[in-house]
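Next comes model_28.cif, a file with mmCIF, C-alpha atoms.
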data_final
#
loop_
_atom_site.group_PDB
_atom_site.id
_atom_site.type_symbol
_atom_site.label_atom_id
_atom_site.label_comp_id
_atom_site.auth_asym_id
_atom_site.auth_seq_id
_atom_site.Cartn_x
_atom_site.Cartn_y
_atom_site.Cartn_z
ATOM 1 C CA MET R 1 11.952 23.468 -20.712
ATOM 2 C CA GLN R 2 10.972 26.000 -18.045
ATOM 3 C CA ASP R 3 7.419 24.780 -18.641
ATOM 4 C CA TYR R 4 7.090 21.762 -16.357
ATOM 5 C CA ARG R 5 3.533 20.660 -17.057
ATOM 6 C CA TRP R 6 4.469 17.998 -19.620
ATOM 7 C CA LEU R 7 6.968 16.332 -17.257
ATOM 8 C CA VAL R 8 4.251 16.304 -14.626
ATOM 9 C CA VAL R 9 1.761 14.699 -17.001
ATOM 10 C CA ALA R 10 4.318 12.057 -17.902
ATOM 11 C CA ALA R 11 5.344 10.898 -14.458
ATOM 12 C CA GLY R 12 2.391 11.827 -12.301
ATOM 13 C CA LEU R 13 0.069 9.234 -13.819
ATOM 14 C CA VAL R 14 1.370 6.487 -11.545
ATOM 15 C CA LEU R 15 -1.533 6.649 -9.127
ATOM 16 C CA PRO R 16 -4.339 4.262 -8.165
ATOM 17 C CA CYS R 17 -7.739 3.483 -9.622
ATOM 18 C CA SER R 18 -10.377 2.634 -7.008
ATOM 19 C CA SER R 19 -14.052 3.170 -6.256
ATOM 20 C CA GLY R 20 -15.765 5.313 -3.642
ATOM 21 C CA ALA R 21 -14.234 7.854 -1.262
ATOM 22 C CA LYS R 22 -13.471 5.450 1.560
ATOM 23 C CA ALA R 23 -12.268 2.712 -0.769
ATOM 24 C CA ALA R 24 -10.067 5.187 -2.612
ATOM 25 C CA ALA R 25 -8.173 6.115 0.526
ATOM 26 C CA GLU R 26 -7.891 2.480 1.606
ATOM 27 C CA ARG R 27 -6.914 0.907 -1.722
ATOM 28 C CA TRP R 28 -4.491 3.465 -3.078
ATOM 29 C CA PRO R 29 -0.900 2.317 -2.625
ATOM 30 C CA VAL R 30 0.989 3.655 0.356
ATOM 31 C CA SER R 31 3.796 4.752 -1.972
ATOM 32 C CA VAL R 32 4.832 4.783 -5.614
ATOM 33 C CA VAL R 33 8.365 5.507 -6.858
ATOM 34 C CA ALA R 34 8.793 5.861 -10.619
ATOM 35 C CA SER R 35 11.756 6.786 -12.825
ATOM 36 C CA TYR R 36 11.771 7.848 -16.480
ATOM 37 C CA GLU R 37 14.194 8.666 -19.263
ATOM 38 C CA ILE R 38 13.681 11.764 -21.402
ATOM 39 C CA ALA R 39 14.760 11.750 -25.050
ATOM 40 C CA PHE R 40 14.577 14.415 -27.730
ATOM 41 C CA ALA R 41 14.783 13.551 -31.432
ATOM 42 C CA GLY R 42 15.960 10.061 -30.423
ATOM 43 C CA VAL R 43 18.783 11.273 -28.121
ATOM 44 C CA LYS R 44 18.679 10.844 -24.336
ATOM 45 C CA VAL R 45 18.747 14.282 -22.707
ATOM 46 C CA GLY R 46 17.557 13.759 -19.139
ATOM 47 C CA TRP R 47 15.514 11.992 -16.486
ATOM 48 C CA PHE R 48 12.449 12.428 -14.305
ATOM 49 C CA LYS R 49 11.662 10.813 -10.941
ATOM 50 C CA PHE R 50 8.301 10.750 -9.215
ATOM 51 C CA ASN R 51 7.263 9.825 -5.660
ATOM 52 C CA SER R 52 3.818 9.631 -4.102
ATOM 53 C CA ARG R 53 2.617 8.773 -0.620
ATOM 54 C CA ILE R 54 -0.984 8.381 0.552
ATOM 55 C CA GLU R 55 -1.894 7.692 4.189
ATOM 56 C CA ASP R 56 -5.038 8.426 6.220
ATOM 57 C CA ARG R 57 -6.660 10.221 3.271
ATOM 58 C CA THR R 58 -3.708 12.617 3.027
ATOM 59 C CA TYR R 59 -1.445 12.640 -0.012
ATOM 60 C CA SER R 60 1.940 14.098 -0.886
ATOM 61 C CA LEU R 61 3.451 14.080 -4.381
ATOM 62 C CA GLU R 62 6.937 15.042 -5.551
ATOM 63 C CA GLY R 63 8.632 15.178 -8.944
ATOM 64 C CA ARG R 64 12.219 16.002 -9.892
ATOM 65 C CA GLY R 65 13.706 16.324 -13.360
ATOM 66 C CA LYS R 66 16.944 17.236 -15.088
ATOM 67 C CA VAL R 67 17.754 17.974 -18.740
ATOM 68 C CA SER R 68 21.069 18.650 -20.475
ATOM 69 C CA ALA R 69 21.090 19.430 -24.215
ATOM 70 C CA LEU R 70 23.202 20.998 -26.937
ATOM 71 C CA PHE R 71 26.347 19.264 -25.588
ATOM 72 C CA GLY R 72 25.750 20.767 -22.160
ATOM 73 C CA ALA R 73 25.174 24.326 -23.376
ATOM 74 C CA PHE R 74 21.625 24.158 -22.038
ATOM 75 C CA LYS R 75 21.028 22.757 -18.557
ATOM 76 C CA TRP R 76 17.708 22.656 -16.734
ATOM 77 C CA LYS R 77 16.532 21.099 -13.482
ATOM 78 C CA GLY R 78 13.276 21.387 -11.620
ATOM 79 C CA LYS R 79 11.307 20.181 -8.631
ATOM 80 C CA THR R 80 7.566 20.182 -7.983
ATOM 81 C CA GLU R 81 5.497 19.195 -4.930
ATOM 82 C CA SER R 82 1.806 18.937 -4.100
ATOM 83 C CA SER R 83 -0.091 17.928 -0.963
ATOM 84 C CA GLY R 84 -3.712 17.665 0.060
ATOM 85 C CA ARG R 85 -6.495 15.277 1.010
ATOM 86 C CA VAL R 86 -8.590 12.668 -0.768
ATOM 87 C CA GLU R 87 -12.223 13.837 -0.719
ATOM 88 C CA ARG R 88 -14.980 11.788 -2.385
ATOM 89 C CA ASP R 89 -12.428 9.890 -4.506
ATOM 90 C CA LEU R 90 -10.880 13.134 -5.848
ATOM 91 C CA PRO R 91 -7.734 15.022 -4.811
ATOM 92 C CA ASP R 92 -8.402 18.205 -2.853
ATOM 93 C CA PRO R 93 -5.089 20.108 -3.041
ATOM 94 C CA ARG R 94 -3.866 22.360 -0.252
ATOM 95 C CA ASN R 95 -0.372 23.405 -1.324
ATOM 96 C CA TYR R 96 1.672 23.317 -4.512
ATOM 97 C CA SER R 97 5.178 24.475 -5.374
ATOM 98 C CA PHE R 98 7.488 24.390 -8.380
ATOM 99 C CA SER R 99 11.071 25.611 -8.732
ATOM 100 C CA TYR R 100 13.526 25.470 -11.617
ATOM 101 C CA LYS R 101 16.972 26.543 -12.725
ATOM 102 C CA ALA R 102 17.761 26.986 -16.430
ATOM 103 C CA ASN R 103 21.460 27.755 -16.874
ATOM 104 C CA SER R 104 21.864 30.912 -14.760
ATOM 105 C CA LYS R 105 18.144 31.718 -14.495
ATOM 106 C CA LYS R 106 15.992 30.667 -11.544
ATOM 107 C CA GLY R 107 12.283 30.816 -10.869
ATOM 108 C CA GLY R 108 9.398 29.244 -9.058
ATOM 109 C CA ILE R 109 5.721 29.171 -8.135
ATOM 110 C CA LYS R 110 3.902 28.665 -4.842
ATOM 111 C CA MET R 111 0.150 28.218 -4.488
ATOM 112 C CA ALA R 112 -2.379 27.539 -1.742
ATOM 113 C CA PHE R 113 -5.850 26.068 -2.339
ATOM 114 C CA ASP R 114 -9.155 25.877 -0.522
ATOM 115 C CA ARG R 115 -11.784 23.546 -2.013
ATOM 116 C CA ARG R 116 -9.988 23.617 -5.373
ATOM 117 C CA LYS R 117 -9.906 27.405 -5.439
ATOM 118 C CA VAL R 118 -6.554 29.193 -5.582
ATOM 119 C CA THR R 119 -6.323 31.404 -2.483
ATOM 120 C CA GLN R 120 -2.634 32.392 -2.602
ATOM 121 C CA LEU R 121 -0.246 32.723 -5.526
ATOM 122 C CA GLU R 122 3.413 33.717 -5.633
ATOM 123 C CA VAL R 123 5.390 33.758 -8.892
ATOM 124 C CA MET R 124 9.166 34.278 -8.895
ATOM 125 C CA PRO R 125 10.556 36.348 -10.495
ATOM 126 C CA ASN R 126 7.501 38.572 -10.378
ATOM 127 C CA LYS R 127 7.778 40.218 -13.783
ATOM 128 C CA ARG R 128 5.164 42.408 -15.398
ATOM 129 C CA ARG R 129 3.206 40.296 -17.851
ATOM 130 C CA SER R 130 2.997 41.136 -21.524
ATOM 131 C CA ARG R 131 -0.173 42.777 -22.838
ATOM 132 C CA LYS R 132 -0.330 39.930 -25.343
ATOM 133 C CA VAL R 133 -1.113 37.431 -22.567
ATOM 134 C CA VAL R 134 -4.776 36.404 -22.367
ATOM 135 C CA PRO R 135 -5.898 37.839 -18.971
ATOM 136 C CA LEU R 136 -6.507 35.590 -15.982
ATOM 137 C CA LEU R 137 -9.827 36.263 -14.250
ATOM 138 C CA ALA R 138 -11.105 35.179 -10.837
ATOM 139 C CA GLU R 139 -13.271 32.530 -12.479
ATOM 140 C CA HIS R 140 -10.171 30.881 -13.916
ATOM 141 C CA LEU R 141 -8.858 30.155 -10.398
ATOM 142 C CA ARG R 142 -11.906 28.142 -9.252
ATOM 143 C CA ASP R 143 -12.566 24.412 -9.657
ATOM 144 C CA VAL R 144 -9.016 23.676 -10.776
ATOM 145 C CA PHE R 145 -6.239 21.225 -9.944
ATOM 146 C CA ASP R 146 -2.544 21.878 -9.714
ATOM 147 C CA PRO R 147 -0.590 19.828 -12.310
ATOM 148 C CA LEU R 148 0.267 16.936 -9.960
ATOM 149 C CA SER R 149 -3.148 16.668 -8.297
ATOM 150 C CA ALA R 150 -4.732 16.708 -11.752
ATOM 151 C CA ILE R 151 -3.192 13.327 -12.442
ATOM 152 C CA MET R 152 -4.872 11.839 -9.371
ATOM 153 C CA ALA R 153 -8.164 13.062 -10.807
ATOM 154 C CA LEU R 154 -7.312 11.403 -14.118
ATOM 155 C CA THR R 155 -6.809 8.002 -12.479
ATOM 156 C CA ARG R 156 -9.915 7.965 -10.299
ATOM 157 C CA ALA R 157 -12.142 4.990 -11.010
ATOM 158 C CA ASP R 158 -15.403 5.193 -12.880
ATOM 159 C CA ALA R 159 -17.296 3.070 -15.386
ATOM 160 C CA GLY R 160 -15.877 4.896 -18.396
ATOM 161 C CA HIS R 161 -12.820 4.462 -20.590
ATOM 162 C CA PRO R 162 -9.551 5.489 -18.845
ATOM 163 C CA CYS R 163 -8.800 7.837 -21.759
ATOM 164 C CA ARG R 164 -12.044 9.796 -21.582
ATOM 165 C CA LYS R 165 -11.221 12.623 -19.178
ATOM 166 C CA ARG R 166 -11.013 16.407 -19.169
ATOM 167 C CA LEU R 167 -8.821 18.029 -16.502
ATOM 168 C CA PRO R 168 -9.024 21.751 -15.588
ATOM 169 C CA ILE R 169 -5.516 22.810 -14.516
ATOM 170 C CA PHE R 170 -3.838 25.973 -13.232
ATOM 171 C CA ASP R 171 -0.038 25.805 -12.988
ATOM 172 C CA GLY R 172 0.523 29.257 -11.504
ATOM 173 C CA ARG R 173 0.806 30.997 -14.851
ATOM 174 C CA GLN R 174 -1.621 29.364 -17.242
ATOM 175 C CA ARG R 175 -5.138 28.030 -16.952
ATOM 176 C CA PHE R 176 -5.620 25.175 -19.422
ATOM 177 C CA ASP R 177 -7.452 21.896 -19.924
ATOM 178 C CA LEU R 178 -5.939 18.536 -20.817
ATOM 179 C CA VAL R 179 -8.420 16.398 -22.734
ATOM 180 C CA PHE R 180 -7.720 12.654 -22.902
ATOM 181 C CA GLU R 181 -9.340 10.627 -25.690
ATOM 182 C CA PRO R 182 -9.041 6.946 -26.732
ATOM 183 C CA ALA R 183 -6.500 6.295 -29.509
ATOM 184 C CA GLY R 184 -6.374 2.479 -29.508
ATOM 185 C CA ARG R 185 -4.465 -0.258 -27.701
ATOM 186 C CA GLU R 186 -0.924 -1.531 -27.873
ATOM 187 C CA ARG R 187 -0.385 -4.496 -30.192
ATOM 188 C CA LYS R 188 0.596 -6.709 -27.285
ATOM 189 C CA GLY R 189 1.258 -6.472 -23.590
ATOM 190 C CA ARG R 190 4.487 -7.107 -21.731
ATOM 191 C CA ASP R 191 5.195 -10.364 -19.891
ATOM 192 C CA GLY R 192 1.664 -11.612 -20.469
ATOM 193 C CA ALA R 193 -0.017 -8.406 -19.284
ATOM 194 C CA PRO R 194 -2.950 -6.974 -21.270
ATOM 195 C CA PRO R 195 -2.042 -4.400 -23.948
ATOM 196 C CA GLY R 196 -1.830 -0.851 -22.667
ATOM 197 C CA TYR R 197 -4.296 1.923 -23.458
ATOM 198 C CA ILE R 198 -3.113 4.662 -25.800
ATOM 199 C CA CYS R 199 -4.582 8.078 -25.012
ATOM 200 C CA ARG R 200 -4.567 11.059 -27.350
ATOM 201 C CA VAL R 201 -4.088 14.255 -25.323
ATOM 202 C CA ARG R 202 -5.302 17.680 -26.414
ATOM 203 C CA TYR R 203 -3.962 20.863 -24.844
ATOM 204 C CA VAL R 204 -6.717 23.493 -24.596
ATOM 205 C CA PRO R 205 -5.439 26.939 -23.484
ATOM 206 C CA VAL R 206 -7.945 29.016 -21.498
ATOM 207 C CA ALA R 207 -6.103 32.019 -19.996
ATOM 208 C CA GLY R 208 -2.655 33.238 -18.984
ATOM 209 C CA TYR R 209 -1.036 32.272 -22.287
ATOM 210 C CA LYS R 210 0.344 34.117 -25.290
ATOM 211 C CA PRO R 211 -1.491 33.329 -28.554
ATOM 212 C CA ASN R 212 1.794 32.770 -30.394
ATOM 213 C CA ARG R 213 3.137 30.157 -32.779
ATOM 214 C CA VAL R 214 4.035 27.644 -30.056
ATOM 215 C CA THR R 215 0.612 27.873 -28.385
ATOM 216 C CA ARG R 216 -1.151 27.461 -31.715
ATOM 217 C CA PHE R 217 0.957 24.423 -32.556
ATOM 218 C CA MET R 218 0.396 22.747 -29.173
ATOM 219 C CA SER R 219 -3.350 23.409 -29.230
ATOM 220 C CA GLN R 220 -3.756 22.136 -32.797
ATOM 221 C CA THR R 221 -1.566 19.035 -32.768
ATOM 222 C CA LYS R 222 -3.267 15.635 -32.565
ATOM 223 C CA ASP R 223 -0.056 13.732 -31.886
ATOM 224 C CA ILE R 224 0.384 14.011 -28.109
ATOM 225 C CA ARG R 225 0.178 10.448 -26.758
ATOM 226 C CA VAL R 226 0.191 8.776 -23.344
ATOM 227 C CA THR R 227 0.367 4.972 -23.062
ATOM 228 C CA LEU R 228 -1.075 3.572 -19.817
ATOM 229 C CA ARG R 229 -0.369 0.026 -18.659
ATOM 230 C CA ARG R 230 -2.408 -1.428 -15.852
ATOM 231 C CA VAL R 231 -0.986 -3.370 -12.910
ATOM 232 C CA PRO R 232 -4.149 -5.221 -11.789
ATOM 233 C CA GLU R 233 -2.649 -6.739 -8.626
ATOM 234 C CA ALA R 234 -1.844 -3.220 -7.394
ATOM 235 C CA GLY R 235 -4.938 -1.493 -8.777
ATOM 236 C CA VAL R 236 -2.867 1.162 -10.564
ATOM 237 C CA SER R 237 -2.176 2.435 -14.070
ATOM 238 C CA VAL R 238 1.470 3.013 -14.979
ATOM 239 C CA PRO R 239 2.339 5.406 -17.811
ATOM 240 C CA PHE R 240 4.827 3.559 -19.974
ATOM 241 C CA GLU R 241 5.405 6.355 -22.468
ATOM 242 C CA VAL R 242 4.498 9.972 -23.137
ATOM 243 C CA ARG R 243 5.172 11.386 -26.603
ATOM 244 C CA LEU R 244 5.075 15.148 -27.133
ATOM 245 C CA PRO R 245 5.600 16.693 -30.584
ATOM 246 C CA THR R 246 7.351 20.075 -30.793
ATOM 247 C CA LEU R 247 8.195 22.437 -33.639
ATOM 248 C CA VAL R 248 11.693 20.928 -33.903
ATOM 249 C CA GLY R 249 11.166 17.242 -33.050
ATOM 250 C CA ASP R 250 9.472 14.784 -30.683
ATOM 251 C CA ALA R 251 10.152 14.721 -26.952
ATOM 252 C CA VAL R 252 9.583 11.270 -25.405
ATOM 253 C CA MET R 253 9.447 10.214 -21.777
ATOM 254 C CA ARG R 254 9.674 6.452 -21.281
ATOM 255 C CA SER R 255 9.378 4.429 -18.084
ATOM 256 C CA ARG R 256 12.461 2.742 -16.633
ATOM 257 C CA LYS R 257 11.088 1.274 -13.403
ATOM 258 C CA THR R 258 8.171 1.691 -11.007
ATOM 259 C CA VAL R 259 8.118 0.343 -7.444
ATOM 260 C CA ILE R 260 4.743 0.175 -5.694
ATOM 261 C CA LEU R 261 3.995 -0.473 -2.014
ATOM 262 C CA THR R 262 0.356 -1.563 -1.832
ATOM 263 C CA ALA R 263 -2.098 -0.850 0.976
ATOM 264 C CA ASP R 264 -1.510 -4.370 2.318
ATOM 265 C CA LYS R 265 2.295 -3.751 2.295
ATOM 266 C CA ARG R 266 3.110 -5.811 -0.803
ATOM 267 C CA ARG R 267 6.042 -4.559 -2.879
ATOM 268 C CA ILE R 268 5.610 -4.714 -6.659
ATOM 269 C CA ALA R 269 8.367 -3.740 -9.096
ATOM 270 C CA VAL R 270 7.417 -2.963 -12.696
ATOM 271 C CA ALA R 271 10.420 -2.735 -15.041
ATOM 272 C CA ARG R 272 10.232 -1.686 -18.649
#
Using structure tokens, write down the structure that the file contains.
Amino acid sequence: MQDYRWLVVAAGLVLPCSSGAKAAAERWPVSVVASYEIAFAGVKVGWFKFNSRIEDRTYSLEGRGKVSALFGAFKWKGKTESSGRVERDLPDPRNYSFSYKANSKKGGIKMAFDRRKVTQLEVMPNKRRSRKVVPLLAEHLRDVFDPLSAIMALTRADAGHPCRKRLPIFDGRQRFDLVFEPAGRERKGRDGAPPGYICRVRYVPVAGYKPNRVTRFMSQTKDIRVTLRRVPEAGVSVPFEVRLPTLVGDAVMRSRKTVILTADKRRIAVAR
């Protein structure tokens, strides 16, 4: 659970779909507050909360999560933040940070960006990396998003299917792509809403990873799923559920409630 990217993917999707650079900044909600439950093998083990704020083409994103498993023998909590500007309907990150505590161990990452290029990187603790890790090169730090800003890129509007995206991501340790592909629709919507879109997500490691059993499993599985439900009156897509298979069971993050403040100051609550 020290790897935060899957929690980010789950909660960070609650961002707007709009068209054009100016329209994107104007139509995106002023704020979004979303809460999720995390379950493993059918048992509730934690929660995740996400907040976003977008004003005057500047955005700030924050996520917090907590997990307790094995009757409290394993405890993990983390926080991640990202900030930047909206440029030509895409996020242009400036700063990113992530910190965690797993039982008695602590760690974190801080990054600075300039035009989607990583210009500063601090990893704590700064341990010597194993020779088995696929080396990170300078080219791997260009044209990338941090994990939170990547989700803004996912939800930008275009004429294509919402599940046809490829996101280049660097989380401070690994450079990887998340590839979203259509996997059908829900059988029915909720409260008269249209059925949600089901996206199949492929994890494609590029650099900074160990080619071990876990990496092979995650890169080969076809069972990672994200279900997106649209809120037309707010112009946003809300992730209702993220399902992540592991070697020992499925981890599921499911929406509890999302509260949206639109650009025209309307408050919309979306409960599960």
On this structure, which residues satisfy the PyMOL selection byres ((chain R and resi 253) around 9), written as a PDB file with C-alpha atoms, in the frame of the given file?
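Output file selection-v9.pdb follows:
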ATOM      1  CA  LEU R   7       6.968  16.332 -17.257  1.00  0.00           C
ATOM      2  CA  ALA R  10       4.318  12.057 -17.902  1.00  0.00           C
ATOM      3  CA  ALA R  11       5.344  10.898 -14.458  1.00  0.00           C
ATOM      4  CA  TYR R  36      11.771   7.848 -16.480  1.00  0.00           C
ATOM      5  CA  GLU R  37      14.194   8.666 -19.263  1.00  0.00           C
ATOM      6  CA  ILE R  38      13.681  11.764 -21.402  1.00  0.00           C
ATOM      7  CA  ALA R  39      14.760  11.750 -25.050  1.00  0.00           C
ATOM      8  CA  PHE R  40      14.577  14.415 -27.730  1.00  0.00           C
ATOM      9  CA  TRP R  47      15.514  11.992 -16.486  1.00  0.00           C
ATOM     10  CA  PHE R  48      12.449  12.428 -14.305  1.00  0.00           C
ATOM     11  CA  PHE R 240       4.827   3.559 -19.974  1.00  0.00           C
ATOM     12  CA  GLU R 241       5.405   6.355 -22.468  1.00  0.00           C
ATOM     13  CA  VAL R 242       4.498   9.972 -23.137  1.00  0.00           C
ATOM     14  CA  ARG R 243       5.172  11.386 -26.603  1.00  0.00           C
ATOM     15  CA  LEU R 244       5.075  15.148 -27.133  1.00  0.00           C
ATOM     16  CA  ALA R 251      10.152  14.721 -26.952  1.00  0.00           C
ATOM     17  CA  VAL R 252       9.583  11.270 -25.405  1.00  0.00           C
ATOM     18  CA  ARG R 254       9.674   6.452 -21.281  1.00  0.00           C
ATOM     19  CA  SER R 255       9.378   4.429 -18.084  1.00  0.00           C
TER      20      SER R 255
END
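Proximity of R:Lys101, R:Lys79, R:Arg94, R:Arg229 to Glu186 in chain R, computed with only C-alpha atoms, is greatest for R:Arg229.
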Practice task
Could you list the residues chosen by the PyMOL selection byres ((chain R and resi 51) around 7) in this structure as a ChimeraX atom specification?
Solution key: /R:32-34,49-50,52-53,61-63
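Residues captured in this structure file are Leu167, Pro168, Ile169, Phe170, Asp171, Gln174, Arg175, Asp177, Leu178, Tyr203, Val204, Pro205, Val206, Ala207, Gly208 and Tyr209 of chain R, according to the PyMOL selection byres ((chain R and resi 176) around 9).
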Practice task
Tell me which protein, DNA and RNA residues are within 10 Å of range 126-129 of chain R, counting all atoms listed in the file, leaving out same-chain ones fewer than 3 positions away, and put them as number ranges by chain.
Solution key: R: 107-109, 122-123, 132-135, 208
Exercise for the section: Report the distance between CA of Asn95 in chain R and CA of Phe113 in chain R in Å, rounded to one decimal place. Expected result: 6.2 Å
With all atoms listed in the file as the counted atoms, please give the residues lying no more than 9 Å from Val201 in chain R, apart from itself and same-chain residues fewer than 5 positions off, as a PDB file with C-alpha atoms, in the coordinates of the input.
ATOM      1  CA  CYS R 163      -8.800   7.837 -21.759  1.00  0.00           C
ATOM      2  CA  LEU R 178      -5.939  18.536 -20.817  1.00  0.00           C
ATOM      3  CA  VAL R 179      -8.420  16.398 -22.734  1.00  0.00           C
ATOM      4  CA  PHE R 180      -7.720  12.654 -22.902  1.00  0.00           C
ATOM      5  CA  GLU R 181      -9.340  10.627 -25.690  1.00  0.00           C
ATOM      6  CA  PRO R 182      -9.041   6.946 -26.732  1.00  0.00           C
ATOM      7  CA  LYS R 222      -3.267  15.635 -32.565  1.00  0.00           C
ATOM      8  CA  ASP R 223      -0.056  13.732 -31.886  1.00  0.00           C
ATOM      9  CA  ILE R 224       0.384  14.011 -28.109  1.00  0.00           C
ATOM     10  CA  ARG R 225       0.178  10.448 -26.758  1.00  0.00           C
ATOM     11  CA  VAL R 226       0.191   8.776 -23.344  1.00  0.00           C
TER      12      VAL R 226
END
Handout entry: Point-to-point distance in Å for CA of Asn103 in chain R and CA of Leu70 in chain R
Key =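 The value is 12.2 Å.
Among the candidates R:Gly65, R:Gly196, R:Pro162, R:Gly42, the residue lying nearest to Lys77 in chain R is R:Gly65 (atoms considered: all atoms listed in the file).
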Problem - Atom-to-atom span, CA of Leu247 in chain R and CA of Val67 in chain R, Å - result: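 Separating CA of Leu247 in chain R from CA of Val67 in chain R is a distance of 18.3 Å.
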Practice task
Have a look at R:Lys105, R:Ser219, R:Val45, R:Ser35 and name the one nearest to Gly72 in chain R; count all atoms listed in the file.
Solution key: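 Going through R:Lys105, R:Ser219, R:Val45, R:Ser35 one by one, the smallest distance to Gly72 in chain R is for R:Val45.
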Handout entry: Selected residue of minimal separation from Glu81 in chain R among R:Asp264, R:Glu139, R:Asp250, R:Asp146, counting all atoms listed in the file
Key = R:Asp146
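Take the candidates R:Ser237, R:Gln220, R:Thr246, R:Thr119 and check each one against Pro29 in chain R using all atoms listed in the file; the shortest distance goes to R:Ser237.
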